[in-house]
$ cat input28.cif   # mmCIF, C-alpha atoms
data_input
loop_
_atom_site.label_atom_id
_atom_site.label_comp_id
_atom_site.auth_asym_id
_atom_site.auth_seq_id
_atom_site.Cartn_x
_atom_site.Cartn_y
_atom_site.Cartn_z
CA MET L 1 -14.02 -77.90 44.70
CA SER L 2 -13.09 -78.96 41.21
CA ASP L 3 -15.25 -78.21 38.19
CA SER L 4 -17.65 -81.14 38.16
CA THR L 5 -18.83 -80.18 34.68
CA THR L 6 -15.54 -81.33 33.18
CA GLY L 7 -14.56 -83.89 35.77
CA ASN L 8 -10.98 -83.43 34.62
CA THR L 9 -8.75 -82.90 37.64
CA ASP L 10 -5.56 -83.51 35.59
CA SER L 11 -6.11 -80.56 33.23
CA PRO L 12 -2.98 -78.85 32.08
CA VAL L 13 -4.47 -75.49 33.12
CA VAL L 14 -6.16 -74.83 36.46
CA LEU L 15 -8.18 -71.69 37.12
CA GLU L 16 -8.95 -71.13 40.78
CA ALA L 17 -12.02 -68.95 41.25
CA TRP L 18 -12.14 -67.50 44.77
CA PHE L 19 -15.84 -66.79 45.34
CA ASP L 20 -18.18 -65.76 48.12
CA LEU L 21 -21.50 -67.47 47.37
CA GLN L 22 -23.47 -64.48 48.67
CA CYS L 23 -21.54 -61.99 46.51
CA PRO L 24 -23.43 -60.32 43.62
CA ASP L 25 -20.12 -59.66 41.82
CA CYS L 26 -19.47 -63.41 41.82
CA THR L 27 -22.87 -63.89 40.19
CA SER L 28 -21.76 -61.56 37.38
CA ALA L 29 -18.46 -63.44 37.13
CA LEU L 30 -20.32 -66.63 36.20
CA ASP L 31 -20.68 -65.25 32.65
CA ASP L 32 -16.89 -65.27 32.37
CA VAL L 33 -16.66 -68.77 33.88
CA HIS L 34 -19.22 -70.06 31.36
CA ALA L 35 -17.40 -68.43 28.45
CA LEU L 36 -14.07 -69.88 29.58
CA ARG L 37 -15.60 -73.35 29.92
CA ALA L 38 -17.08 -73.05 26.44
CA LYS L 39 -13.77 -71.96 24.93
CA TYR L 40 -11.43 -74.40 26.68
CA GLY L 41 -13.63 -77.36 27.64
CA GLU L 42 -11.58 -80.19 29.18
CA ARG L 43 -8.33 -78.23 28.87
CA LEU L 44 -9.33 -75.91 31.72
CA ASP L 45 -10.23 -77.10 35.21
CA VAL L 46 -12.19 -74.41 37.02
CA ARG L 47 -11.88 -74.87 40.78
CA LEU L 48 -14.19 -73.07 43.16
CA ARG L 49 -12.28 -71.84 46.18
CA HIS L 50 -14.20 -70.46 49.12
CA PHE L 51 -13.56 -66.97 50.39
CA PRO L 52 -16.65 -66.00 52.42
CA LEU L 53 -16.54 -62.31 53.26
CA GLN L 54 -17.43 -61.19 56.77
CA LYS L 55 -19.93 -58.65 55.43
CA ASN L 56 -22.05 -61.48 54.00
CA LYS L 57 -23.73 -63.13 56.96
CA HIS L 58 -24.62 -66.43 55.25
CA ALA L 59 -21.57 -66.85 52.99
CA TYR L 60 -19.73 -69.17 55.38
CA ALA L 61 -22.69 -71.54 55.64
CA ALA L 62 -23.17 -71.29 51.87
CA ALA L 63 -19.56 -72.41 51.33
CA GLN L 64 -20.13 -75.42 53.60
CA ALA L 65 -23.34 -76.23 51.73
CA ALA L 66 -21.51 -76.08 48.39
CA GLU L 67 -19.02 -78.61 49.71
CA GLU L 68 -21.90 -80.89 50.70
CA ALA L 69 -23.34 -80.46 47.21
CA ALA L 70 -19.96 -81.46 45.78
CA GLU L 71 -20.03 -84.60 47.93
CA GLN L 72 -23.43 -85.35 46.42
CA GLY L 73 -22.08 -84.78 42.89
CA GLN L 74 -23.57 -81.34 42.21
CA GLY L 75 -20.96 -78.84 43.44
CA TRP L 76 -20.90 -76.34 40.59
CA PRO L 77 -24.61 -76.61 39.73
CA TYR L 78 -25.38 -75.90 43.38
CA ALA L 79 -22.95 -72.97 43.59
CA GLU L 80 -24.38 -71.47 40.42
CA ALA L 81 -27.98 -71.91 41.59
CA LEU L 82 -27.09 -70.30 44.90
CA LEU L 83 -25.32 -67.39 43.23
CA ALA L 84 -28.50 -66.75 41.26
CA ARG L 85 -30.25 -66.19 44.60
CA THR L 86 -27.82 -63.97 46.51
CA SER L 87 -30.49 -61.46 47.51
CA ASP L 88 -32.81 -64.27 48.63
CA LEU L 89 -29.97 -65.74 50.68
CA ALA L 90 -29.28 -62.34 52.25
CA ASP L 91 -32.97 -61.91 53.12
CA ARG L 92 -33.96 -65.42 54.22
CA GLY L 93 -30.68 -66.99 55.30
CA GLU L 94 -29.90 -70.66 55.64
CA PRO L 95 -33.35 -72.00 54.63
CA VAL L 96 -32.37 -70.92 51.08
CA LEU L 97 -29.43 -73.35 51.22
CA LEU L 98 -31.82 -76.23 51.79
CA ASP L 99 -34.33 -74.93 49.21
CA VAL L 100 -31.63 -74.94 46.51
CA ALA L 101 -30.57 -78.45 47.52
CA ARG L 102 -34.16 -79.69 47.17
CA GLU L 103 -34.58 -77.94 43.81
CA LEU L 104 -31.52 -79.80 42.50
CA GLY L 105 -32.78 -83.14 43.84
CA LEU L 106 -30.10 -83.36 46.52
CA ASP L 107 -30.56 -84.83 49.99
CA ALA L 108 -31.64 -81.73 51.93
CA GLU L 109 -31.69 -83.62 55.23
CA GLU L 110 -28.02 -84.47 54.72
CA PHE L 111 -27.35 -80.79 53.98
CA ASP L 112 -29.01 -79.82 57.23
CA THR L 113 -26.98 -82.41 59.11
CA ALA L 114 -23.75 -81.27 57.43
CA LEU L 115 -24.40 -77.66 58.43
CA ILE L 116 -25.07 -78.72 62.02
CA ASP L 117 -22.15 -81.12 62.43
CA GLY L 118 -19.69 -78.87 60.58
CA ARG L 119 -18.14 -81.66 58.51
CA HIS L 120 -17.01 -79.21 55.83
CA LEU L 121 -15.62 -76.52 58.13
CA LEU L 122 -12.01 -77.57 57.60
CA VAL L 123 -12.25 -77.31 53.80
CA VAL L 124 -13.79 -73.84 53.96
CA ASP L 125 -11.33 -72.69 56.63
CA ALA L 126 -8.38 -74.04 54.62
CA ASP L 127 -9.55 -72.22 51.48
CA GLN L 128 -10.01 -69.00 53.40
CA ALA L 129 -6.58 -69.28 55.04
CA GLU L 130 -4.92 -69.98 51.71
CA GLY L 131 -6.76 -67.05 50.17
CA GLN L 132 -5.52 -64.76 52.91
CA ALA L 133 -1.98 -66.09 52.44
CA ILE L 134 -2.00 -65.18 48.74
CA LYS L 135 -3.59 -61.81 49.53
CA VAL L 136 -7.13 -62.38 48.27
CA THR L 137 -9.03 -59.39 49.62
CA GLY L 138 -12.29 -59.49 47.67
CA THR L 139 -14.36 -61.66 45.42
CA PRO L 140 -14.22 -62.75 42.73
CA THR L 141 -10.48 -63.28 42.55
CA TYR L 142 -8.83 -65.68 40.13
CA VAL L 143 -5.50 -67.46 40.21
CA ILE L 144 -4.12 -68.96 37.02
CA GLY L 145 -0.52 -69.84 36.25
CA GLY L 146 0.56 -68.40 39.59
CA GLU L 147 -0.92 -65.00 38.79
CA ARG L 148 -3.65 -63.47 40.98
CA LEU L 149 -6.30 -61.42 39.20
CA ASP L 150 -8.52 -59.34 41.46
CA GLY L 151 -12.09 -59.06 40.21
CA GLY L 152 -13.32 -57.63 43.49
CA LYS L 153 -12.28 -54.15 42.35
CA SER L 154 -13.20 -54.49 38.67
CA GLN L 155 -13.98 -57.36 36.35
CA GLU L 156 -13.11 -55.26 33.32
CA GLY L 157 -10.71 -57.16 31.06
CA LEU L 158 -10.35 -60.15 33.39
CA ARG L 159 -11.63 -62.77 30.96
CA ALA L 160 -9.23 -61.56 28.26
CA ARG L 161 -6.33 -61.68 30.74
CA ILE L 162 -7.32 -65.20 31.87
CA GLU L 163 -7.51 -66.33 28.22
CA GLU L 164 -4.10 -64.82 27.51
CA ILE L 165 -2.54 -66.74 30.42
CA ALA L 166 -4.43 -69.96 29.60
CA ASP L 167 -3.36 -69.81 25.95
CA ARG L 168 0.27 -69.32 27.00
CA LEU L 169 0.11 -72.22 29.48
CA LEU L 170 -1.58 -74.52 26.98
CA ALA L 171 1.06 -73.72 24.36
CA GLN L 172 3.75 -74.78 26.87
CA SER L 173 2.15 -78.11 27.73
#
$ encode --input "input28.cif" --output "structure tokens"
Amino acid sequence: MSDSTTGNTDSPVVLEAWFDLQCPDCTSALDDVHALRAKYGERLDVRLRHFPLQKNKHAYAAAQAAEEAAEQGQGWPYAEALLARTSDLADRGEPVLLDVARELGLDAEEFDTALIDGRHLLVVDADQAEGQAIKVTGTPTYVIGGERLDGGKSQEGLRARIEEIADRLLAQS
């Protein structure tokens, strides 16, 4: 899912953010994502990649819901709103997915249908398979300029490392 806040899918620099939408560490990582967007604007395309962890019971459905939100033009706003409610999602489950959709003015009935018919399963499965292939083991994990940065162990210094790589890539383009 590309960063719908910039709408720029031809950015010279792409940052893939491998997130589990029920992961509290991914919620904390949003501060870094916001700072990077503020610094780089249109020059950085932040792409949400789904890596639902087995320990998070509702993460797989949340990833599908985020894809439905993207189809309805609100992918990142939905993902961010959902990440703000990780404990609610853990406690109440899939009804939270529909609540967030309604709060953002999205078609909640279409969300419900999408979760039932599984229309976004292939996208989520493909992201997860690609993540496994590049050895993503936890979330958040970032990939920029071919380099994987694992925030699942520690987010300390990640933003600075991402900026260093982005600056180098932008200087080359």
$ residues_around --input "input28.cif" --residues "Arg148 in chain L" --least-positions-apart "6" --cutoff "12 Å" --atoms "only C-alpha atoms" --output "list of chain:residue names"
L:Leu15, L:Glu16, L:Ala17, L:Trp18, L:Gly131, L:Ala133, L:Ile134, L:Lys135, L:Val136, L:Thr137, L:Gly138, L:Thr139, L:Pro140, L:Thr141, L:Tyr142, L:Leu158, L:Arg161, L:Ile162, L:Ile165
$ residues_around --input "input28.cif" --residues "Pro24 in chain L" --least-positions-apart "6" --cutoff "9 Å" --atoms "only C-alpha atoms" --output "VMD selection string"
chain L and resid 83 to 84 86 to 87
$ residues_around --input "input28.cif" --residues "range 70-73 of chain L" --least-positions-apart "2" --cutoff "12 Å" --atoms "all atoms listed in the file" --output "mmCIF file with C-alpha atoms, in the frame of the given file"
data_model
loop_
_atom_site.group_PDB
_atom_site.id
_atom_site.type_symbol
_atom_site.label_atom_id
_atom_site.label_comp_id
_atom_site.auth_asym_id
_atom_site.auth_seq_id
_atom_site.Cartn_x
_atom_site.Cartn_y
_atom_site.Cartn_z
ATOM 1 C CA MET L 1 -14.020 -77.900 44.700
ATOM 2 C CA SER L 2 -13.090 -78.960 41.210
ATOM 3 C CA ASP L 3 -15.250 -78.210 38.190
ATOM 4 C CA SER L 4 -17.650 -81.140 38.160
ATOM 5 C CA THR L 5 -18.830 -80.180 34.680
ATOM 6 C CA GLY L 7 -14.560 -83.890 35.770
ATOM 7 C CA ARG L 47 -11.880 -74.870 40.780
ATOM 8 C CA LEU L 48 -14.190 -73.070 43.160
ATOM 9 C CA ALA L 63 -19.560 -72.410 51.330
ATOM 10 C CA GLN L 64 -20.130 -75.420 53.600
ATOM 11 C CA ALA L 65 -23.340 -76.230 51.730
ATOM 12 C CA ALA L 66 -21.510 -76.080 48.390
ATOM 13 C CA GLU L 67 -19.020 -78.610 49.710
ATOM 14 C CA GLU L 68 -21.900 -80.890 50.700
ATOM 15 C CA GLY L 75 -20.960 -78.840 43.440
ATOM 16 C CA TRP L 76 -20.900 -76.340 40.590
ATOM 17 C CA PRO L 77 -24.610 -76.610 39.730
ATOM 18 C CA TYR L 78 -25.380 -75.900 43.380
ATOM 19 C CA ALA L 79 -22.950 -72.970 43.590
ATOM 20 C CA ALA L 101 -30.570 -78.450 47.520
ATOM 21 C CA LEU L 104 -31.520 -79.800 42.500
ATOM 22 C CA GLY L 105 -32.780 -83.140 43.840
ATOM 23 C CA LEU L 106 -30.100 -83.360 46.520
ATOM 24 C CA ASP L 107 -30.560 -84.830 49.990
ATOM 25 C CA ALA L 108 -31.640 -81.730 51.930
ATOM 26 C CA GLU L 110 -28.020 -84.470 54.720
ATOM 27 C CA PHE L 111 -27.350 -80.790 53.980
ATOM 28 C CA ALA L 114 -23.750 -81.270 57.430
ATOM 29 C CA ARG L 119 -18.140 -81.660 58.510
ATOM 30 C CA HIS L 120 -17.010 -79.210 55.830
ATOM 31 C CA VAL L 123 -12.250 -77.310 53.800
#
$ closest_residue --input "input28.cif" --among "L:His50, L:Lys39, L:His58, L:Arg168" --to "Val124 in chain L" --atoms "only C-alpha atoms"
L:His50
$ atom_distance --input "input28.cif" --atom1 "CA of Pro52 in chain L" --atom2 "CA of Asp150 in chain L"
15.2 Å
$ atom_distance --input "input28.cif" --atom1 "CA of Ala171 in chain L" --atom2 "CA of Glu156 in chain L"
24.9 Å
$ atom_distance --input "input28.cif" --atom1 "CA of Ala29 in chain L" --atom2 "CA of Leu169 in chain L"
21.9 Å
$ closest_residue --input "input28.cif" --among "L:Glu163, L:Glu130, L:Glu147, L:Asp91" --to "Arg49 in chain L" --atoms "only C-alpha atoms"
L:Glu130
$ axis_aligned_box --input "input28.cif" --around "range 152-165 of chain L" --padding-each-side "8 Å" --output "lines of an AutoDock Vina configuration file"
center_x = -8.3
center_y = -60.4
center_z = 35.5
size_x = 27.4
size_y = 28.6
size_z = 32.0
$ closest_residue --input "input28.cif" --among "L:Ala160, L:Leu89, L:Ala62, L:Val100" --to "Leu115 in chain L" --atoms "only C-alpha atoms"
L:Ala62
$ build_atoms --input "input28.cif" --residues "range 101-112 of chain L" --atoms "all heavy atoms" --output "mmCIF file, in the coordinates of the input"
data_model
loop_
_atom_site.group_PDB
_atom_site.id
_atom_site.type_symbol
_atom_site.label_atom_id
_atom_site.label_comp_id
_atom_site.auth_asym_id
_atom_site.auth_seq_id
_atom_site.Cartn_x
_atom_site.Cartn_y
_atom_site.Cartn_z
ATOM 1 N N ALA L 101 -30.893 -77.018 47.523
ATOM 2 C CA ALA L 101 -30.570 -78.450 47.520
ATOM 3 C C ALA L 101 -31.767 -79.263 47.043
ATOM 4 O O ALA L 101 -31.629 -80.152 46.189
ATOM 5 C CB ALA L 101 -30.136 -78.897 48.922
ATOM 6 N N ARG L 102 -32.935 -78.962 47.581
ATOM 7 C CA ARG L 102 -34.160 -79.690 47.170
ATOM 8 C C ARG L 102 -34.434 -79.488 45.686
ATOM 9 O O ARG L 102 -34.791 -80.432 44.980
ATOM 10 C CB ARG L 102 -35.359 -79.223 47.993
ATOM 11 C CG ARG L 102 -35.394 -79.760 49.391
ATOM 12 C CD ARG L 102 -36.700 -79.367 50.121
ATOM 13 N NE ARG L 102 -36.512 -79.436 51.542
ATOM 14 C CZ ARG L 102 -36.149 -78.429 52.334
ATOM 15 N NH1 ARG L 102 -35.985 -77.222 51.846
ATOM 16 N NH2 ARG L 102 -35.976 -78.611 53.627
ATOM 17 N N GLU L 103 -34.303 -78.244 45.217
ATOM 18 C CA GLU L 103 -34.580 -77.940 43.810
ATOM 19 C C GLU L 103 -33.665 -78.730 42.872
ATOM 20 O O GLU L 103 -34.066 -79.068 41.758
ATOM 21 C CB GLU L 103 -34.411 -76.437 43.555
ATOM 22 C CG GLU L 103 -35.501 -75.607 44.201
ATOM 23 C CD GLU L 103 -35.158 -74.122 44.296
ATOM 24 O OE1 GLU L 103 -34.154 -73.689 43.680
ATOM 25 O OE2 GLU L 103 -35.898 -73.407 44.993
ATOM 26 N N LEU L 104 -32.460 -79.034 43.322
ATOM 27 C CA LEU L 104 -31.520 -79.800 42.500
ATOM 28 C C LEU L 104 -31.628 -81.309 42.734
ATOM 29 O O LEU L 104 -30.858 -82.084 42.178
ATOM 30 C CB LEU L 104 -30.087 -79.342 42.764
ATOM 31 C CG LEU L 104 -29.754 -77.928 42.300
ATOM 32 C CD1 LEU L 104 -28.357 -77.530 42.743
ATOM 33 C CD2 LEU L 104 -29.880 -77.807 40.789
ATOM 34 N N GLY L 105 -32.583 -81.711 43.568
ATOM 35 C CA GLY L 105 -32.780 -83.140 43.840
ATOM 36 C C GLY L 105 -31.742 -83.724 44.776
ATOM 37 O O GLY L 105 -31.533 -84.941 44.793
ATOM 38 N N LEU L 106 -31.101 -82.876 45.568
ATOM 39 C CA LEU L 106 -30.100 -83.360 46.520
ATOM 40 C C LEU L 106 -30.778 -83.723 47.842
ATOM 41 O O LEU L 106 -31.930 -83.379 48.083
ATOM 42 C CB LEU L 106 -29.039 -82.282 46.744
ATOM 43 C CG LEU L 106 -28.281 -81.868 45.478
ATOM 44 C CD1 LEU L 106 -27.402 -80.665 45.738
ATOM 45 C CD2 LEU L 106 -27.460 -83.029 44.953
ATOM 46 N N ASP L 107 -30.051 -84.400 48.689
ATOM 47 C CA ASP L 107 -30.560 -84.830 49.990
ATOM 48 C C ASP L 107 -30.493 -83.664 50.966
ATOM 49 O O ASP L 107 -29.456 -83.422 51.593
ATOM 50 C CB ASP L 107 -29.739 -86.025 50.489
ATOM 51 C CG ASP L 107 -30.246 -86.616 51.782
ATOM 52 O OD1 ASP L 107 -31.041 -85.954 52.492
ATOM 53 O OD2 ASP L 107 -29.837 -87.745 52.110
ATOM 54 N N ALA L 108 -31.605 -82.928 51.090
ATOM 55 C CA ALA L 108 -31.640 -81.730 51.930
ATOM 56 C C ALA L 108 -31.443 -82.065 53.406
ATOM 57 O O ALA L 108 -30.862 -81.268 54.147
ATOM 58 C CB ALA L 108 -32.951 -80.978 51.720
ATOM 59 N N GLU L 109 -31.900 -83.225 53.824
ATOM 60 C CA GLU L 109 -31.690 -83.620 55.230
ATOM 61 C C GLU L 109 -30.193 -83.771 55.515
ATOM 62 O O GLU L 109 -29.718 -83.384 56.583
ATOM 63 C CB GLU L 109 -32.426 -84.920 55.541
ATOM 64 C CG GLU L 109 -33.920 -84.740 55.687
ATOM 65 C CD GLU L 109 -34.615 -86.032 56.080
ATOM 66 O OE1 GLU L 109 -34.018 -86.858 56.802
ATOM 67 O OE2 GLU L 109 -35.763 -86.199 55.650
ATOM 68 N N GLU L 110 -29.462 -84.318 54.557
ATOM 69 C CA GLU L 110 -28.020 -84.470 54.720
ATOM 70 C C GLU L 110 -27.338 -83.098 54.741
ATOM 71 O O GLU L 110 -26.373 -82.889 55.468
ATOM 72 C CB GLU L 110 -27.442 -85.356 53.618
ATOM 73 C CG GLU L 110 -26.058 -85.866 53.902
ATOM 74 C CD GLU L 110 -25.961 -86.736 55.151
ATOM 75 O OE1 GLU L 110 -26.937 -87.422 55.522
ATOM 76 O OE2 GLU L 110 -24.880 -86.734 55.771
ATOM 77 N N PHE L 111 -27.861 -82.159 53.950
ATOM 78 C CA PHE L 111 -27.350 -80.790 53.980
ATOM 79 C C PHE L 111 -27.527 -80.199 55.374
ATOM 80 O O PHE L 111 -26.603 -79.598 55.927
ATOM 81 C CB PHE L 111 -28.118 -79.897 52.981
ATOM 82 C CG PHE L 111 -27.474 -79.802 51.649
ATOM 83 C CD1 PHE L 111 -27.558 -80.847 50.753
ATOM 84 C CD2 PHE L 111 -26.798 -78.662 51.272
ATOM 85 C CE1 PHE L 111 -26.976 -80.763 49.512
ATOM 86 C CE2 PHE L 111 -26.210 -78.559 50.033
ATOM 87 C CZ PHE L 111 -26.295 -79.613 49.153
ATOM 88 N N ASP L 112 -28.721 -80.351 55.905
ATOM 89 C CA ASP L 112 -29.010 -79.820 57.230
ATOM 90 C C ASP L 112 -28.073 -80.423 58.268
ATOM 91 O O ASP L 112 -27.485 -79.706 59.083
ATOM 92 C CB ASP L 112 -30.479 -80.098 57.580
ATOM 93 C CG ASP L 112 -30.963 -79.285 58.761
ATOM 94 O OD1 ASP L 112 -30.494 -78.135 58.943
ATOM 95 O OD2 ASP L 112 -31.813 -79.791 59.523
#
